[in-house]
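Source file data.pdb; content: PDB, C-alpha atoms, pLDDT in the B column.
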```
ATOM      1  CA  MET A   1      18.181 -26.537 -11.395  1.00 58.00           C
ATOM      2  CA  GLU A   2      19.233 -23.662  -9.158  1.00 75.00           C
ATOM      3  CA  PHE A   3      18.787 -21.088 -11.933  1.00 74.00           C
ATOM      4  CA  SER A   4      15.255 -22.249 -12.754  1.00 80.00           C
ATOM      5  CA  LEU A   5      14.376 -22.163  -9.053  1.00 82.00           C
ATOM      6  CA  ALA A   6      15.653 -18.597  -8.830  1.00 76.00           C
ATOM      7  CA  VAL A   7      13.627 -17.580 -11.890  1.00 76.00           C
ATOM      8  CA  TRP A   8      10.452 -19.152 -10.532  1.00 84.00           C
ATOM      9  CA  GLY A   9      11.087 -17.554  -7.155  1.00 83.00           C
ATOM     10  CA  ALA A  10      11.576 -14.140  -8.742  1.00 76.00           C
ATOM     11  CA  LEU A  11       8.393 -14.483 -10.798  1.00 81.00           C
ATOM     12  CA  ALA A  12       6.407 -15.749  -7.815  1.00 88.00           C
ATOM     13  CA  GLY A  13       7.674 -12.859  -5.693  1.00 83.00           C
ATOM     14  CA  ALA A  14       6.663 -10.366  -8.376  1.00 79.00           C
ATOM     15  CA  ALA A  15       3.198 -11.934  -8.643  1.00 87.00           C
ATOM     16  CA  ILE A  16       2.699 -11.860  -4.871  1.00 91.00           C
ATOM     17  CA  CYS A  17       3.789  -8.203  -4.718  1.00 83.00           C
ATOM     18  CA  LEU A  18       1.452  -7.321  -7.584  1.00 83.00           C
ATOM     19  CA  GLY A  19      -1.494  -9.060  -5.923  1.00 90.00           C
ATOM     20  CA  ALA A  20      -0.817  -7.407  -2.576  1.00 89.00           C
ATOM     21  CA  GLY A  21      -0.473  -4.019  -4.257  1.00 84.00           C
ATOM     22  CA  VAL A  22      -3.801  -4.351  -6.062  1.00 87.00           C
ATOM     23  CA  ALA A  23      -5.592  -5.484  -2.889  1.00 91.00           C
ATOM     24  CA  GLY A  24      -3.998  -2.683  -0.868  1.00 87.00           C
ATOM     25  CA  ALA A  25      -4.863  -0.051  -3.475  1.00 85.00           C
ATOM     26  CA  LYS A  26      -8.493  -1.154  -3.493  1.00 89.00           C
ATOM     27  CA  SER A  27      -8.644  -0.961   0.305  1.00 89.00           C
ATOM     28  CA  VAL A  28      -7.050   2.483   0.368  1.00 84.00           C
ATOM     29  CA  LEU A  29      -9.441   3.846  -2.259  1.00 85.00           C
ATOM     30  CA  ASP A  30     -12.419   2.405  -0.381  1.00 87.00           C
ATOM     31  CA  ALA A  31     -11.245   4.151   2.807  1.00 83.00           C
ATOM     32  CA  ALA A  32     -11.052   7.608   1.179  1.00 81.00           C
ATOM     33  CA  LYS A  33     -13.347  10.102   2.876  1.00 80.00           C
ATOM     34  CA  ASN A  34     -14.260  12.203  -0.164  1.00 83.00           C
ATOM     35  CA  ALA A  35     -13.741  12.598  -3.895  1.00 84.00           C
ATOM     36  CA  ALA A  36     -10.768  14.941  -3.470  1.00 84.00           C
ATOM     37  CA  GLN A  37      -8.930  12.384  -1.340  1.00 85.00           C
ATOM     38  CA  ARG A  38      -9.785   9.666  -3.826  1.00 86.00           C
ATOM     39  CA  GLN A  39      -8.303  11.745  -6.643  1.00 87.00           C
ATOM     40  CA  VAL A  40      -5.070  12.315  -4.691  1.00 87.00           C
ATOM     41  CA  LEU A  41      -4.864   8.621  -3.842  1.00 86.00           C
ATOM     42  CA  LYS A  42      -5.383   7.608  -7.477  1.00 89.00           C
ATOM     43  CA  ARG A  43      -2.501   9.874  -8.481  1.00 88.00           C
ATOM     44  CA  VAL A  44      -0.249   8.515  -5.718  1.00 87.00           C
ATOM     45  CA  LEU A  45      -1.134   4.911  -6.552  1.00 87.00           C
ATOM     46  CA  SER A  46      -0.638   5.319 -10.291  1.00 88.00           C
ATOM     47  CA  LEU A  47       2.731   7.064  -9.953  1.00 88.00           C
ATOM     48  CA  GLY A  48       3.856   4.795  -7.122  1.00 86.00           C
ATOM     49  CA  GLY A  49       2.699   1.691  -8.947  1.00 85.00           C
ATOM     50  CA  ALA A  50       4.613   2.610 -12.077  1.00 90.00           C
ATOM     51  CA  TYR A  51       7.712   3.410 -10.013  1.00 91.00           C
ATOM     52  CA  ALA A  52       7.443   0.104  -8.130  1.00 88.00           C
ATOM     53  CA  ALA A  53       6.978  -1.792 -11.398  1.00 87.00           C
ATOM     54  CA  VAL A  54      10.163  -0.280 -12.817  1.00 91.00           C
ATOM     55  CA  LEU A  55      12.091  -1.227  -9.688  1.00 90.00           C
ATOM     56  CA  MET A  56      10.620  -4.736  -9.739  1.00 85.00           C
ATOM     57  CA  GLY A  57      11.772  -5.026 -13.353  1.00 88.00           C
ATOM     58  CA  LEU A  58      15.251  -4.000 -12.243  1.00 89.00           C
ATOM     59  CA  VAL A  59      15.224  -6.725  -9.578  1.00 85.00           C
ATOM     60  CA  LEU A  60      13.913  -9.316 -12.037  1.00 82.00           C
ATOM     61  CA  LEU A  61      16.634  -8.455 -14.543  1.00 87.00           C
ATOM     62  CA  ALA A  62      19.184  -8.937 -11.775  1.00 86.00           C
ATOM     63  CA  ALA A  63      17.572 -12.252 -10.824  1.00 80.00           C
ATOM     64  CA  PHE A  64      17.757 -13.430 -14.449  1.00 81.00           C
ATOM     65  CA  GLY A  65      21.436 -12.544 -14.551  1.00 84.00           C
ATOM     66  CA  VAL A  66      21.047  -9.758 -17.111  1.00 90.00           C
ATOM     67  CA  LEU A  67      22.240  -7.167 -14.596  1.00 89.00           C
ATOM     68  CA  GLY A  68      24.813  -7.578 -11.872  1.00 89.00           C
ATOM     69  CA  SER A  69      24.294  -7.675  -8.143  1.00 87.00           C
ATOM     70  CA  TRP A  70      24.619  -3.888  -8.082  1.00 91.00           C
ATOM     71  CA  ALA A  71      21.026  -3.762  -9.381  1.00 89.00           C
ATOM     72  CA  TYR A  72      19.723  -5.104  -6.061  1.00 88.00           C
ATOM     73  CA  LYS A  73      21.517  -2.357  -4.172  1.00 91.00           C
ATOM     74  CA  ALA A  74      20.308   0.259  -6.647  1.00 91.00           C
ATOM     75  CA  ALA A  75      16.714  -0.942  -6.230  1.00 90.00           C
ATOM     76  CA  VAL A  76      16.943  -0.662  -2.441  1.00 90.00           C
ATOM     77  CA  VAL A  77      18.409   2.843  -2.608  1.00 93.00           C
ATOM     78  CA  LEU A  78      15.898   3.946  -5.247  1.00 92.00           C
ATOM     79  CA  TRP A  79      13.006   2.560  -3.191  1.00 90.00           C
ATOM     80  CA  PHE A  80      13.880   3.739   0.304  1.00 92.00           C
ATOM     81  CA  GLY A  81      15.638   6.978  -0.684  1.00 92.00           C
ATOM     82  CA  PRO A  82      12.580   8.880  -1.910  1.00 90.00           C
ATOM     83  CA  LEU A  83      10.127   7.053   0.369  1.00 88.00           C
ATOM     84  CA  ILE A  84       9.993   9.579   3.251  1.00 91.00           C
ATOM     85  CA  PRO A  85       9.679  12.664   0.996  1.00 92.00           C
ATOM     86  CA  ALA A  86       6.994  10.917  -1.078  1.00 89.00           C
ATOM     87  CA  LEU A  87       5.036   9.959   2.034  1.00 88.00           C
ATOM     88  CA  ALA A  88       5.310  13.516   3.371  1.00 92.00           C
ATOM     89  CA  TRP A  89       4.055  14.912   0.048  1.00 91.00           C
ATOM     90  CA  ALA A  90       1.121  12.483  -0.019  1.00 88.00           C
ATOM     91  CA  HIS A  91       0.247  13.272   3.598  1.00 89.00           C
ATOM     92  CA  ARG A  92       0.180  17.013   2.900  1.00 91.00           C
ATOM     93  CA  ARG A  93      -1.972  16.504  -0.197  1.00 89.00           C
ATOM     94  CA  LEU A  94      -4.450  14.268   1.658  1.00 86.00           C
ATOM     95  CA  ASP A  95      -4.685  16.776   4.519  1.00 88.00           C
ATOM     96  CA  ALA A  96      -5.334  19.571   2.014  1.00 87.00           C
ATOM     97  CA  ALA A  97      -8.038  17.490   0.325  1.00 84.00           C
ATOM     98  CA  THR A  98      -9.706  16.823   3.679  1.00 80.00           C
ATOM     99  CA  SER A  99      -9.508  20.435   4.864  1.00 78.00           C
ATOM    100  CA  ALA A 100     -10.903  21.704   1.537  1.00 64.00           C
ATOM    101  CA  GLU A 101     -13.911  19.434   1.973  1.00 62.00           C
ATOM    102  CA  THR A 102     -14.338  20.519   5.607  1.00 60.00           C
ATOM    103  CA  ALA A 103     -14.100  24.216   4.667  1.00 56.00           C
ATOM    104  CA  ALA A 104     -16.728  23.763   1.966  1.00 56.00           C
ATOM    105  CA  ILE A 105     -19.141  22.206   4.468  1.00 53.00           C
ATOM    106  CA  ALA A 106     -18.670  24.837   7.208  1.00 46.00           C
TER     107      ALA A 106
END
```

Is it possible to express this structure as structure tokens?
Amino acid sequence: MEFSLAVWGALAGAAICLGAGVAGAKSVLDAAKNAAQRQVLKRVLSLGGAYAAVLMGLVLLAAFGVLGSWAYKAAVVLWFGPLIPALAWAHRRLDAATSAETAAIA
């Protein structure tokens, strides 16, 4: 009984994360100020979504008992380790997309 509860919990958690990610991505794309920002955001969301899906697969494999508990720790390190550099890169790209649009108008 405990194993099936863990499996259902892992699948429900993955479904909730997927739903929240899709809703958040739609909101972010709707808030883009111009086409250049939208293009940068689509790239960030597609790469970030694929990366998050791989890490979620790692967590699910650990939840199913295929991988050991080290997989949870690896997922945390692989998620939070590159997070700040990735956010800094995205911020610079979005600023460049905004300033390019502003320079074209002026």

**Study point:** Between CA of Phe64 (chain A) and CA of Ala14 (chain A) - distance in Å to one decimal
**Key:** 13.0 Å

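Residues captured in this structure file are Gly13, Ala14, Ala15, Ile16, Cys17, Leu18, Met56, Val59, Leu60, Leu61, Ala62, Ala63, Phe64 and Gly65 of chain A, according to the PyMOL selection byres ((chain A and resi 1-12) around 10).
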
Practice item. Check what the PyMOL selection byres ((chain A and resi 28-39) around 8) selects in the file above and give those residues as a ChimeraX atom specification. Key: /A:24-27,40-43,94,97-98,101

Check your understanding: Quick one, how far is CA of Ala96 (chain A) from CA of Ala23 (chain A)?
Key -> 25.5 Å

Residues at most 8 Å from Leu55 (chain A), counting only C-alpha atoms, excluding those fewer than 6 positions away in the same chain, as a JSON list (two decimals) with C-alpha atoms, in the coordinates of the input?
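Output contents, as saved in around.json:
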```json
[["chain", "number", "residue", "atom", "x", "y", "z"],
["A", 75, "ALA", "CA", 16.71, -0.94, -6.23],
["A", 78, "LEU", "CA", 15.90, 3.95, -5.25],
["A", 79, "TRP", "CA", 13.01, 2.56, -3.19]]
```

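Ranking A:Ala71, A:Arg93, A:Gly49, A:Leu58 by their shortest atom-to-atom distance to Ala20 (chain A), with all atoms listed in the file included, puts A:Gly49 first.
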
Point to revise | Atomic separation - CA of Gly21 (chain A) relative to CA of Ala52 (chain A), Å | key: 9.7 Å

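The residue that comes closest to Tyr72 (chain A), out of A:Ala90, A:Gly57, A:Ser46, A:Ser99 and on the basis of all atoms listed in the file, is A:Gly57.
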
Please, what is the axis-aligned box for every listed atom of region 81-100 of chain A with 3 Å on each side, as centre and edge lengths in Å to one decimal, as lines of an AutoDock Vina configuration file?
```
center_x = 2.4
center_y = 14.3
center_z = 1.5
size_x = 32.5
size_y = 20.7
size_z = 12.8
```

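Using only C-alpha atoms for every distance, the candidate list A:Ala74, A:Ala88, A:Leu83, A:Leu67 yields A:Leu83 as the residue closest to Gly48 (chain A).
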
Could you extract region 40-102 of chain A of the given structure into a file holding C-alpha atoms, as a tab-separated table (two decimals), in the first residue's frame?
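Generated output (selection23.tsv):
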```tsv
chain	number	residue	atom	x	y	z
A	40	VAL	CA	13.81	34.99	-26.07
A	41	LEU	CA	11.13	33.75	-23.69
A	42	LYS	CA	10.16	30.91	-26.04
A	43	ARG	CA	13.80	29.80	-26.14
A	44	VAL	CA	14.15	30.02	-22.35
A	45	LEU	CA	10.88	28.15	-21.78
A	46	SER	CA	11.65	25.40	-24.28
A	47	LEU	CA	15.16	24.77	-22.94
A	48	GLY	CA	14.08	25.17	-19.32
A	49	GLY	CA	11.05	22.96	-19.83
A	50	ALA	CA	13.11	20.18	-21.33
A	51	TYR	CA	15.67	20.48	-18.53
A	52	ALA	CA	12.93	20.41	-15.88
A	53	ALA	CA	11.32	17.38	-17.53
A	54	VAL	CA	14.60	15.47	-17.41
A	55	LEU	CA	15.03	16.30	-13.74
A	56	MET	CA	11.43	15.35	-13.01
A	57	GLY	CA	12.10	12.02	-14.72
A	58	LEU	CA	15.11	11.55	-12.47
A	59	VAL	CA	12.94	12.20	-9.40
A	60	LEU	CA	10.21	9.86	-10.66
A	61	LEU	CA	12.74	7.08	-11.26
A	62	ALA	CA	13.95	7.56	-7.69
A	63	ALA	CA	10.35	7.49	-6.44
A	64	PHE	CA	9.72	4.22	-8.30
A	65	GLY	CA	12.80	2.71	-6.71
A	66	VAL	CA	14.75	2.38	-9.97
A	67	LEU	CA	17.39	4.83	-8.73
A	68	GLY	CA	18.66	5.30	-5.22
A	69	SER	CA	18.11	8.20	-2.89
A	70	TRP	CA	21.18	9.88	-4.38
A	71	ALA	CA	18.97	10.81	-7.35
A	72	TYR	CA	16.98	13.23	-5.18
A	73	LYS	CA	20.16	14.99	-4.12
A	74	ALA	CA	21.43	15.06	-7.69
A	75	ALA	CA	18.15	16.60	-8.88
A	76	VAL	CA	18.37	19.35	-6.26
A	77	VAL	CA	21.98	20.15	-7.14
A	78	LEU	CA	21.27	20.04	-10.88
A	79	TRP	CA	18.25	22.33	-10.45
A	80	PHE	CA	19.58	24.96	-8.08
A	81	GLY	CA	23.22	24.90	-9.25
A	82	PRO	CA	22.69	26.46	-12.68
A	83	LEU	CA	19.62	28.48	-11.65
A	84	ILE	CA	21.33	31.82	-10.88
A	85	PRO	CA	23.54	31.82	-14.01
A	86	ALA	CA	20.53	30.85	-16.16
A	87	LEU	CA	18.41	33.63	-14.68
A	88	ALA	CA	21.23	36.14	-15.21
A	89	TRP	CA	21.58	35.04	-18.85
A	90	ALA	CA	17.83	35.32	-19.44
A	91	HIS	CA	17.71	38.74	-17.79
A	92	ARG	CA	20.52	40.05	-20.01
A	93	ARG	CA	18.84	38.66	-23.13
A	94	LEU	CA	15.46	40.19	-22.22
A	95	ASP	CA	17.09	43.56	-21.51
A	96	ALA	CA	18.87	43.40	-24.88
A	97	ALA	CA	15.59	42.56	-26.62
A	98	THR	CA	13.87	45.51	-24.94
A	99	SER	CA	16.68	47.98	-25.65
A	100	ALA	CA	16.84	46.88	-29.31
A	101	GLU	CA	13.14	47.64	-29.66
A	102	THR	CA	13.55	50.99	-27.88
```
